[in-house]
$ cat entry.cif   # mmCIF, C-alpha atoms (C1' of nucleotides)
data_start
#
loop_
_atom_site.group_PDB
_atom_site.id
_atom_site.type_symbol
_atom_site.label_atom_id
_atom_site.label_comp_id
_atom_site.auth_asym_id
_atom_site.auth_seq_id
_atom_site.Cartn_x
_atom_site.Cartn_y
_atom_site.Cartn_z
ATOM 1 C CA MET D 198 -36.362 -59.515 67.795
ATOM 2 C CA ASP D 199 -39.338 -61.799 67.404
ATOM 3 C CA GLU D 200 -40.649 -60.996 63.973
ATOM 4 C CA GLU D 201 -43.491 -63.421 64.438
ATOM 5 C CA LEU D 202 -44.729 -61.521 67.416
ATOM 6 C CA HIS D 203 -44.158 -58.305 65.551
ATOM 7 C CA GLU D 204 -46.392 -59.432 62.696
ATOM 8 C CA ARG D 205 -48.984 -60.930 64.997
ATOM 9 C CA VAL D 206 -49.459 -57.587 66.693
ATOM 10 C CA ARG D 207 -49.742 -55.856 63.328
ATOM 11 C CA ASP D 208 -52.271 -58.392 62.104
ATOM 12 C CA THR D 209 -54.312 -58.095 65.246
ATOM 13 C CA VAL D 210 -54.416 -54.314 65.119
ATOM 14 C CA ALA D 211 -55.268 -54.459 61.436
ATOM 15 C CA ALA D 212 -58.110 -56.816 62.307
ATOM 16 C CA ILE D 213 -59.887 -54.302 64.516
ATOM 17 C CA PRO D 214 -63.149 -53.546 62.731
ATOM 18 C CA GLU D 215 -64.264 -50.043 61.984
ATOM 19 C CA GLY D 216 -66.249 -48.262 64.658
ATOM 20 C CA THR D 217 -64.678 -50.336 67.426
ATOM 21 C CA VAL D 218 -61.630 -50.041 69.647
ATOM 22 C CA ALA D 219 -59.339 -52.326 71.614
ATOM 23 C CA THR D 220 -56.930 -51.933 74.485
ATOM 24 C CA TYR D 221 -53.206 -52.598 74.349
ATOM 25 C CA GLY D 222 -53.816 -55.480 76.713
ATOM 26 C CA ASP D 223 -56.338 -57.005 74.354
ATOM 27 C CA ILE D 224 -54.004 -56.758 71.402
ATOM 28 C CA ALA D 225 -51.223 -58.273 73.474
ATOM 29 C CA ALA D 226 -53.451 -61.161 74.557
ATOM 30 C CA LEU D 227 -54.789 -61.826 71.083
ATOM 31 C CA ALA D 228 -51.389 -61.487 69.464
ATOM 32 C CA GLY D 229 -49.761 -63.630 72.111
ATOM 33 C CA ALA D 230 -47.614 -60.883 73.580
ATOM 34 C CA SER D 231 -46.735 -61.248 77.244
ATOM 35 C CA THR D 232 -47.089 -57.561 77.918
ATOM 36 C CA PRO D 233 -49.022 -54.695 76.324
ATOM 37 C CA ARG D 234 -45.856 -52.640 76.212
ATOM 38 C CA LEU D 235 -44.750 -54.712 73.246
ATOM 39 C CA VAL D 236 -47.880 -53.645 71.398
ATOM 40 C CA GLY D 237 -47.088 -49.997 71.835
ATOM 41 C CA ARG D 238 -43.557 -50.656 70.724
ATOM 42 C CA VAL D 239 -44.653 -52.342 67.499
ATOM 43 C CA LEU D 240 -47.071 -49.563 66.684
ATOM 44 C CA GLY D 241 -44.336 -47.043 67.299
ATOM 45 C CA GLU D 242 -42.070 -48.827 64.858
ATOM 46 C CA ASP D 243 -44.349 -50.048 62.105
ATOM 47 C CA GLY D 244 -47.853 -49.102 63.179
ATOM 48 C CA HIS D 245 -47.897 -46.120 60.864
ATOM 49 C CA ASP D 246 -49.763 -48.247 58.292
ATOM 50 C CA LEU D 247 -52.171 -49.673 60.814
ATOM 51 C CA PRO D 248 -55.429 -48.391 62.346
ATOM 52 C CA TRP D 249 -53.582 -47.535 65.532
ATOM 53 C CA HIS D 250 -56.302 -45.007 66.307
ATOM 54 C CA ARG D 251 -58.457 -47.989 67.309
ATOM 55 C CA VAL D 252 -56.026 -48.939 70.056
ATOM 56 C CA LEU D 253 -56.591 -47.356 73.439
ATOM 57 C CA ARG D 254 -55.282 -47.685 76.966
ATOM 58 C CA ALA D 255 -57.094 -49.739 79.600
ATOM 59 C CA ASP D 256 -58.942 -46.636 80.793
ATOM 60 C CA GLY D 257 -60.297 -45.843 77.362
ATOM 61 C CA THR D 258 -57.883 -42.961 77.128
ATOM 62 C CA PRO D 259 -55.441 -42.729 74.215
ATOM 63 C CA ALA D 260 -51.717 -42.216 74.419
ATOM 64 C CA LYS D 261 -50.780 -38.739 75.568
ATOM 65 C CA HIS D 262 -49.085 -37.540 72.409
ATOM 66 C CA LEU D 263 -51.986 -38.943 70.373
ATOM 67 C CA ARG D 264 -54.828 -37.612 72.499
ATOM 68 C CA GLU D 265 -55.941 -35.220 69.790
ATOM 69 C CA GLU D 266 -55.357 -37.517 66.850
ATOM 70 C CA GLN D 267 -57.101 -40.474 68.452
ATOM 71 C CA CYS D 268 -60.218 -38.520 69.285
ATOM 72 C CA ALA D 269 -60.391 -36.936 65.845
ATOM 73 C CA ARG D 270 -59.913 -40.202 63.944
ATOM 74 C CA LEU D 271 -62.338 -42.159 66.091
ATOM 75 C CA LEU D 272 -64.919 -39.478 65.563
ATOM 76 C CA GLU D 273 -64.729 -40.198 61.858
ATOM 77 C CA GLU D 274 -65.671 -43.809 62.558
ATOM 78 C CA GLY D 275 -68.540 -42.910 64.824
ATOM 79 C CA VAL D 276 -66.727 -43.634 68.071
ATOM 80 C CA MET D 277 -67.843 -41.005 70.495
ATOM 81 C CA SER D 278 -65.610 -39.948 73.362
ATOM 82 C CA ARG D 279 -66.125 -38.327 76.726
ATOM 83 C CA ASN D 280 -63.590 -35.746 77.781
ATOM 84 C CA GLY D 281 -60.985 -37.666 75.795
ATOM 85 C CA ARG D 282 -62.129 -41.003 77.179
ATOM 86 C CA VAL D 283 -63.899 -43.652 75.097
ATOM 87 C CA ASP D 284 -66.548 -45.881 76.612
ATOM 88 C CA LEU D 285 -64.902 -49.273 76.385
ATOM 89 C CA THR D 286 -68.084 -50.973 77.548
ATOM 90 C CA ARG D 287 -69.634 -49.654 74.368
ATOM 91 C CA TYR D 288 -66.948 -49.680 71.687
ATOM 92 C CA ARG D 289 -64.538 -52.369 72.879
ATOM 93 C CA TRP D 290 -63.768 -54.848 70.095
ATOM 94 C CA ARG D 291 -65.178 -58.301 70.630
ATOM 95 C CA PRO D 292 -63.483 -60.999 68.510
ATOM 96 C CA GLU D 293 -65.902 -63.337 66.793
ATOM 97 C CA ARG D 294 -67.081 -65.471 69.645
ATOM 98 C CA GLY D 295 -68.779 -67.892 67.270
ATOM 99 C "C1'" DG Q 176 -24.609 -57.855 81.736
ATOM 100 C "C1'" DG Q 177 -26.268 -53.299 83.460
ATOM 101 C "C1'" DC Q 178 -28.833 -48.832 83.055
ATOM 102 C "C1'" DA Q 179 -32.374 -45.913 81.099
ATOM 103 C "C1'" DT Q 180 -36.580 -45.430 78.218
ATOM 104 C "C1'" DG Q 181 -41.356 -46.399 76.543
ATOM 105 C "C1'" DA Q 182 -48.069 -45.852 71.951
ATOM 106 C "C1'" DC Q 183 -48.956 -50.315 79.295
ATOM 107 C "C1'" DT Q 184 -51.672 -52.440 83.427
ATOM 108 C "C1'" DA Q 185 -53.052 -53.489 88.109
ATOM 109 C "C1'" DC Q 186 -52.805 -52.607 92.948
ATOM 110 C "C1'" DT Q 187 -52.544 -49.620 96.977
ATOM 111 C "C1'" DT Q 188 -52.859 -45.321 99.499
ATOM 112 C "C1'" DA P 248 -59.879 -38.590 90.926
ATOM 113 C "C1'" DA P 249 -54.817 -38.462 91.559
ATOM 114 C "C1'" DA P 250 -50.228 -40.085 92.846
ATOM 115 C "C1'" DG P 251 -47.047 -43.660 94.133
ATOM 116 C "C1'" DT P 252 -45.316 -48.452 93.640
ATOM 117 C "C1'" DA P 253 -44.500 -53.006 91.353
ATOM 118 C "C1'" DG P 254 -44.528 -56.068 87.203
ATOM 119 C "C1'" DC P 255 -43.651 -56.475 82.507
ATOM 120 C "C1'" DC P 256 -39.985 -56.986 78.360
ATOM 121 C "C1'" DA P 257 -37.888 -55.336 73.911
ATOM 122 C "C1'" DT P 258 -34.681 -51.712 72.354
ATOM 123 C "C1'" DG P 259 -30.453 -48.701 72.452
ATOM 124 C "C1'" DC P 260 -26.082 -47.196 74.609
#
$ encode --input "entry.cif" --output "structure tokens"
Amino acid sequence: MDEELHERVRDTVAAIPEGTVATYGDIAALAGASTPRLVGRVLGEDGHDLPWHRVLRADGTPAKHLREEQCARLLEEGVMSRNGRVDLTRYRWRPERG
DNA sequence: GGCATGACTACTT
DNA sequence: AAAGTAGCCATGC
């Protein structure tokens, strides 16, 4: 497997600032992954030490089995949610644009 | 190599 | 809003 890609994804997820969120697609793009599915795979394997709760789906909804955990953890960081859906237009992570 | 699975996304109906 | 279809690609058998 591509360990470089594996670490890139981890670094990117770890770089998500507190109080913000990012989509799998964003992580994939920033990490250089060709598909967001690889992001989910990395988190599933070694994301246990990462702020995975800041990673959401493109709709602002978390992964099904994490729906409760995501919402609870994000609440701790001040990220409000609506019926289990986060407002990406409000909390989406914006990398330092200079 | 082929088949099935998965923390996904976009398009169409 | 919800369901169906296509694209994506690494992992395990």
$ residues_near_point --input "entry.cif" --point "(-46.2, -60.2, 72.8)" --cutoff "12 Å" --atoms "only C-alpha atoms (C1' of nucleotides)" --output "ChimeraX atom specification"
/D:198-207,209,221-239 /P:255-257
$ residues_around --input "entry.cif" --residues "Ala255 of chain D" --least-positions-apart "5" --cutoff "12 Å" --atoms "all atoms listed in the file" --output "PyMOL selection string"
(chain D and resi 218-224+233+260+282-286+289) or (chain Q and resi 183-185)
$ atom_distance --input "entry.cif" --atom1 "atom CA of Glu273 of chain D" --atom2 "atom C1' of DA248 of chain P"
29.5 Å
$ atom_distance --input "entry.cif" --atom1 "atom C1' of DA253 of chain P" --atom2 "atom C1' of DC186 of chain Q"
8.5 Å
$ closest_residue --input "entry.cif" --among "D:Ile213, D:Leu247, D:Leu253, D:Val276" --to "chain Q" --atoms "all atoms listed in the file"
D:Leu253
$ axis_aligned_box --input "entry.cif" --around "segment 279-293 of chain D" --padding-each-side "4 Å" --output "JSON"
{"center_x": -65.3, "center_y": -49.5, "center_z": 72.3, "size_x": 16.6, "size_y": 35.6, "size_z": 19.0}
$ atom_distance --input "entry.cif" --atom1 "atom C1' of DT258 of chain P" --atom2 "atom CA of Pro248 of chain D"
23.3 Å
$ closest_residue --input "entry.cif" --among "D:Leu240, D:Ala269, D:Ala212, D:Met277" --to "chain Q" --atoms "all atoms listed in the file"
D:Leu240
$ residues_near_point --input "entry.cif" --point "(-29.7, -47.3, 80.4)" --cutoff "9 Å" --atoms "all atoms listed in the file" --output "VMD selection string"
(chain Q and resid 177 to 180) or (chain P and resid 259 to 260)
$ closest_residue --input "entry.cif" --among "D:Glu242, D:Glu265, D:Glu293, D:Glu274" --to "chain P" --atoms "only C-alpha atoms (C1' of nucleotides)"
D:Glu242
